[in-house]
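Asks: Below you will find the structure I want to go over with you.
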Amino acid sequence: MIRSAWTALILWFVTVPSTAAPPQWIVVTAPAFRKAVEPLCQHRKKQGFHVVVVQTTDVLRADDLRAGDGSKLCEYVRKLLRQYKGSSSILLVGAIEAGRLPDAETKVLPPLSGTVGRMKDQPSDCGYGCLDGGKLPTVAVGRFPAHSEEEARAMTAKTLEYEDTRHPGEWRRRLTILAGIPAYNPFVDRLVESLAMARLARLSPMWSGRAIYSNPRSRFTLPDTLLHERAERYVREGQAFTLYLGHSNPAGLYGGGARRYLDRTDWSRLKIERGKGIFFTFGCNGCQLKGNDGEGYGVAAMRNAHGPAAVVGSHGICFASMVQLAADGFFESTLARTLPERLGDSWLAILDGLARGKIDDFTYRLLDTVDGDKNIPQATQRREHLEMFVLLGDPALRLPRMASDFELGVEKSIAAGDKLAVRGTVPQRLSQARIRLTLERTVDSRPTDLEAVPNASRADDKAQDRILLANHNRANRFVLVERETKVRDGSFQATIEVPSKLSWPRVLLRVHAANDSEEGMVVQPLEVKTKSTARQRGKQP
């Protein structure tokens, strides 16, 4: 009887449906912006969130707001988090400080004060998500840094647009990578570039994209006169993520020397028609919240009604070794595997990389020597960078996942000159879809048709610029061959003429299906057979 009772109890636990609490979304807003964020509150409720709205004046007095003291508000929010049994995220809506704002008490949402190293007494929002009083948040915290109701409405609208856009588009699977020359010394520059290329090698094959690297020795470089124009054009065309890796200050990105990259004015004015995306900047002061030299270019981008839907960056001067840890956390959590559902997951992974990510002693010491401070222990650097990094945007922002819900039939290896037969079946939602098939080289591979760049003293500027631009375009051209067809009766088939020369050990077959309102994609890596591999296989029993 006892055994039977225990068996019944175990079966009950196994078969009873889960009653886990829905995710909690806490929006803490200054009173002037309460109405502006209401559409987002309703949107989150429809998505199944438990929505809690807190106004600053519910907790803080006027003198607290004028003094910029958010400690009482933080304790109130932490209490809400502790009482709730499910997962949570927090959106703060309001200005960092009163400054010259009219009716400042209705518009300010005070940050917390940093406590570690160079961040002591600097503004930091991360503490709102630290339930145990430590430095590593367990709850993602973001901010709409609005100064006016118009800005709050614009940030709300960008968030809703990013989530609600149903029209298929290449932006959903595109990365735009902007990089500035490290400019340390040749050896360290090569190390930094090798670390960046190693990250690209780990990218999930679902991603396509383009890159600019303002290093004259790179195949992704551009002539000085085109750096600004091409960078702005790439961002305007739309993408899921824009990444900046390199030096910067609050005024903008560093392209090397006097070369103009993208500055604060550009980020405040550029207009992204579709695919506003999320801007991750790993440069110094990109998200500076206040200072003698003004707010960072990332803050300007977030305030731009036509700019990115969210921005992640540093309030202060960040060190190269810590940027390495933060970038690795982002790449591994977001770009190297299945895309997380919400931005907050990527944000917490960045912070976890800073707190617990691994970096070998040689790399750390080398990077810390050229772009760090040997007088600040690594453990202290990690903690101060946890307070330094900022998320501007809603951590509950839903990321643009691409469904891979159709079947693909194709050989797993090819040889140069083959005819590759591809067939597949699609679900009902993709009926009448258009199919685009591409054979591509991987993002970490080199094109085979790069031209040698002549020495500046041996060539006129126009000839050199022509070759640099041609090489840049070749470096960003990954498609080797493409073919289009249509779905008929729930299936499709096509034959791809494989190029007569393949110089890479692996290529990708990308199959994208789209109709007017739905899309899906499957990517299949293909081994490239050579004469030697064919002979080896012939010897196998």
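Identifiers in the structure tokens: chain A, B, ... in order shown; residue index from 1 per chain; ligand index from 1 in order shown.
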Out of region 75-142 of chain A, which residues get strand (DSSP E or B) from DSSP, as a ChimeraX atom specification?
Replies: /A:88-93,95,108,112-113,123-124,140-142
Asks: Distance table requested - region 45-75 of chain A against region 108-131 of chain A, cut-off 8 Å, only C-alpha atoms: one row per qualifying residue with the closest atom pair and its distance in Å to one decimal, ordered by chain and rising residue number, as CSV.
Replies:
```
residue,atom,partner,partner_atom,distance
A:Thr56,CA,A:Leu109,CA,6.6
A:Leu65,CA,A:Val108,CA,6.5
A:Gly68,CA,A:Pro110,CA,4.9
A:Asp69,CA,A:Pro110,CA,6.0
A:Gly70,CA,A:Pro110,CA,4.9
A:Ser71,CA,A:Leu112,CA,6.8
A:Cys74,CA,A:Tyr128,CA,5.5
```
Asks: Restricting the output to N, CA and C atoms, write the selected residues as a tab-separated table (two decimals), in the first residue's frame.
Replies:
```
chain	number	residue	atom	x	y	z
A	56	THR	N	7.52	56.90	-10.00
A	56	THR	CA	8.57	57.34	-9.06
A	56	THR	C	7.97	58.06	-7.86
A	65	LEU	N	13.96	63.23	-5.55
A	65	LEU	CA	14.11	63.34	-7.00
A	65	LEU	C	15.08	64.46	-7.37
A	68	GLY	N	18.50	63.31	-6.75
A	68	GLY	CA	18.93	62.15	-7.53
A	68	GLY	C	19.17	60.93	-6.70
A	69	ASP	N	18.42	60.77	-5.62
A	69	ASP	CA	18.59	59.63	-4.71
A	69	ASP	C	17.54	58.56	-5.02
A	70	GLY	N	17.97	57.45	-5.62
A	70	GLY	CA	17.05	56.38	-6.00
A	70	GLY	C	17.06	55.20	-5.06
A	71	SER	N	17.69	55.33	-3.89
A	71	SER	CA	17.86	54.18	-2.99
A	71	SER	C	16.52	53.63	-2.51
A	74	CYS	N	14.87	51.76	-5.32
A	74	CYS	CA	15.53	50.47	-5.54
A	74	CYS	C	15.03	49.42	-4.56
```
Asks: List as a CSV table (one decimal) with N, CA and C atoms, in the first residue's frame the protein and nucleic acid residues near region 186-200 of chain A, meaning an atom at most 10 Å away when only C-alpha atoms are counted, but skip any in the same chain fewer than 6 places from it.
Replies:
```
chain,number,residue,atom,x,y,z
A,179,ALA,N,34.0,48.1,-37.1
A,179,ALA,CA,35.2,47.9,-36.3
A,179,ALA,C,36.2,49.0,-36.5
A,213,TYR,N,36.0,47.5,-41.4
A,213,TYR,CA,37.1,47.5,-40.4
A,213,TYR,C,38.1,48.5,-40.9
A,215,ASN,N,41.0,49.4,-40.7
A,215,ASN,CA,42.4,49.0,-40.6
A,215,ASN,C,42.9,48.9,-42.1
A,218,SER,N,43.3,45.4,-43.6
A,218,SER,CA,42.2,44.5,-43.6
A,218,SER,C,41.5,44.5,-45.0
A,245,LEU,N,33.1,47.4,-32.5
A,245,LEU,CA,34.3,46.9,-31.8
A,245,LEU,C,35.4,47.8,-32.1
A,246,GLY,N,35.9,48.6,-31.0
A,246,GLY,CA,37.0,49.5,-31.3
A,246,GLY,C,37.0,50.6,-30.3
A,320,ALA,N,40.2,46.9,-22.6
A,320,ALA,CA,40.2,45.9,-23.7
A,320,ALA,C,39.9,44.5,-23.2
A,324,GLN,N,36.7,42.2,-24.1
A,324,GLN,CA,36.8,40.8,-24.6
A,324,GLN,C,35.8,39.9,-23.8
A,327,ALA,N,32.1,40.8,-24.8
A,327,ALA,CA,31.8,40.4,-26.2
A,327,ALA,C,31.6,38.9,-26.3
A,328,ASP,N,32.5,38.2,-25.6
A,328,ASP,CA,32.4,36.7,-25.7
A,328,ASP,C,31.1,36.3,-25.1
A,331,PHE,N,28.5,37.0,-27.8
A,331,PHE,CA,28.6,36.1,-29.0
A,331,PHE,C,28.1,34.7,-28.7
A,332,GLU,N,28.5,34.2,-27.5
A,332,GLU,CA,28.2,32.8,-27.2
A,332,GLU,C,26.7,32.6,-26.9
A,335,LEU,N,24.7,34.9,-30.7
A,335,LEU,CA,25.1,34.7,-32.1
A,335,LEU,C,25.6,33.3,-32.5
A,336,ALA,N,26.1,32.6,-31.5
A,336,ALA,CA,26.7,31.3,-31.8
A,336,ALA,C,25.7,30.1,-31.6
A,363,THR,N,46.7,36.6,-22.5
A,363,THR,CA,45.8,37.6,-23.2
A,363,THR,C,45.5,38.7,-22.3
A,366,LEU,N,48.5,41.0,-21.6
A,366,LEU,CA,48.8,41.8,-22.8
A,366,LEU,C,47.8,42.9,-23.1
A,367,LEU,N,46.6,42.6,-23.1
A,367,LEU,CA,45.5,43.6,-23.3
A,367,LEU,C,45.5,44.7,-22.2
A,370,VAL,N,48.3,47.4,-22.7
A,370,VAL,CA,48.1,48.4,-23.7
A,370,VAL,C,46.8,49.2,-23.6
A,442,THR,N,31.7,30.7,-45.9
A,442,THR,CA,31.4,31.1,-44.5
A,442,THR,C,32.0,32.5,-44.2
A,443,VAL,N,31.5,33.1,-43.1
A,443,VAL,CA,31.8,34.5,-42.8
A,443,VAL,C,33.3,34.7,-42.4
A,444,ASP,N,33.9,33.6,-41.9
A,444,ASP,CA,35.3,33.7,-41.5
A,444,ASP,C,36.3,33.4,-42.7
A,445,SER,N,35.8,33.1,-43.8
A,445,SER,CA,36.6,32.7,-45.0
A,445,SER,C,37.1,33.9,-45.8
```
Asks: Identify, on the basis of only C-alpha atoms, every residue whose closest approach to Leu526 (chain A) does not exceed 7 Å; exclude the query and any residue fewer than 2 positions from it along the same chain; express the result as an mmCIF file with N, CA and C atoms, in the first residue's frame.
Replies:
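So the final result, stored in result21.cif, reads:
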```cif
data_model
loop_
_atom_site.group_PDB
_atom_site.id
_atom_site.type_symbol
_atom_site.label_atom_id
_atom_site.label_comp_id
_atom_site.auth_asym_id
_atom_site.auth_seq_id
_atom_site.Cartn_x
_atom_site.Cartn_y
_atom_site.Cartn_z
ATOM 1 N N LYS A 412 25.197 15.868 -48.101
ATOM 2 C CA LYS A 412 25.943 16.599 -47.077
ATOM 3 C C LYS A 412 27.331 17.030 -47.543
ATOM 4 N N SER A 413 27.703 16.684 -48.774
ATOM 5 C CA SER A 413 29.001 17.088 -49.304
ATOM 6 C C SER A 413 28.859 17.329 -50.797
ATOM 7 N N ILE A 414 29.743 18.172 -51.318
ATOM 8 C CA ILE A 414 29.710 18.499 -52.741
ATOM 9 C C ILE A 414 31.142 18.576 -53.260
ATOM 10 N N ARG A 506 34.586 24.052 -46.483
ATOM 11 C CA ARG A 506 33.170 23.966 -46.153
ATOM 12 C C ARG A 506 32.454 25.167 -46.739
ATOM 13 N N VAL A 507 31.254 24.937 -47.252
ATOM 14 C CA VAL A 507 30.391 26.015 -47.708
ATOM 15 C C VAL A 507 29.006 25.810 -47.086
ATOM 16 N N LEU A 508 28.139 26.782 -47.263
ATOM 17 C CA LEU A 508 26.806 26.732 -46.676
ATOM 18 C C LEU A 508 25.745 26.775 -47.761
ATOM 19 N N LEU A 509 24.761 25.928 -47.624
ATOM 20 C CA LEU A 509 23.563 26.008 -48.455
ATOM 21 C C LEU A 509 22.491 26.697 -47.618
ATOM 22 N N GLN A 524 22.258 24.538 -44.304
ATOM 23 C CA GLN A 524 22.922 23.237 -44.246
ATOM 24 C C GLN A 524 24.403 23.382 -44.591
ATOM 25 N N VAL A 528 33.233 20.239 -48.620
ATOM 26 C CA VAL A 528 33.726 20.320 -49.990
ATOM 27 C C VAL A 528 34.682 19.154 -50.232
#
```
Asks: Identify, on the basis of only C-alpha atoms, every residue whose closest approach to region 483-500 of chain A does not exceed 7 Å; exclude the query and any residue fewer than 2 positions from it along the same chain; express the result as an MDAnalysis selection string.
Replies: chainID A and resid 416:427 431:438 502
Asks: Which one of A:Arg441, A:Arg153, A:Arg143, A:His306 sits closest to Val28 (chain A) if you count only C-alpha atoms?
Replies: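 For Val28 (chain A), the nearest of the candidates is A:Arg143.
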Asks: Skipping near chain neighbours, those fewer than 4 positions away, what residues fall within 12 Å of Asp373 (chain A) using only C-alpha atoms, listed as JSON, numbers by chain?
Replies: {"A": [117, 118, 317, 318, 319, 320, 321, 322, 364, 365, 366, 367, 368, 369, 377, 378, 380, 381]}
Asks: Skipping near chain neighbours, those fewer than 5 positions away, what residues fall within 12 Å of Arg66 (chain A) using only C-alpha atoms, listed as a PyMOL selection string?
Replies: chain A and resi 57+60-61+95-110
Asks: Counting only C-alpha atoms, figure out which residue out of A:Gly357, A:Met206, A:Glu273, A:Pro250 gets nearest to Leu339 (chain A).
Replies: A:Met206
Asks: Quick check, in Å to one decimal: how far apart do CA of Asp516 (chain A) and CA of Glu170 (chain A) lie?
Replies: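 Spanning CA of Asp516 (chain A) to CA of Glu170 (chain A) is a straight-line distance of 13.5 Å.
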Asks: What is the CA of Val312 (chain A) to CA of Arg173 (chain A) distance in Å?
Replies: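 About the pair CA of Val312 (chain A) and CA of Arg173 (chain A): they are 19.3 Å apart.
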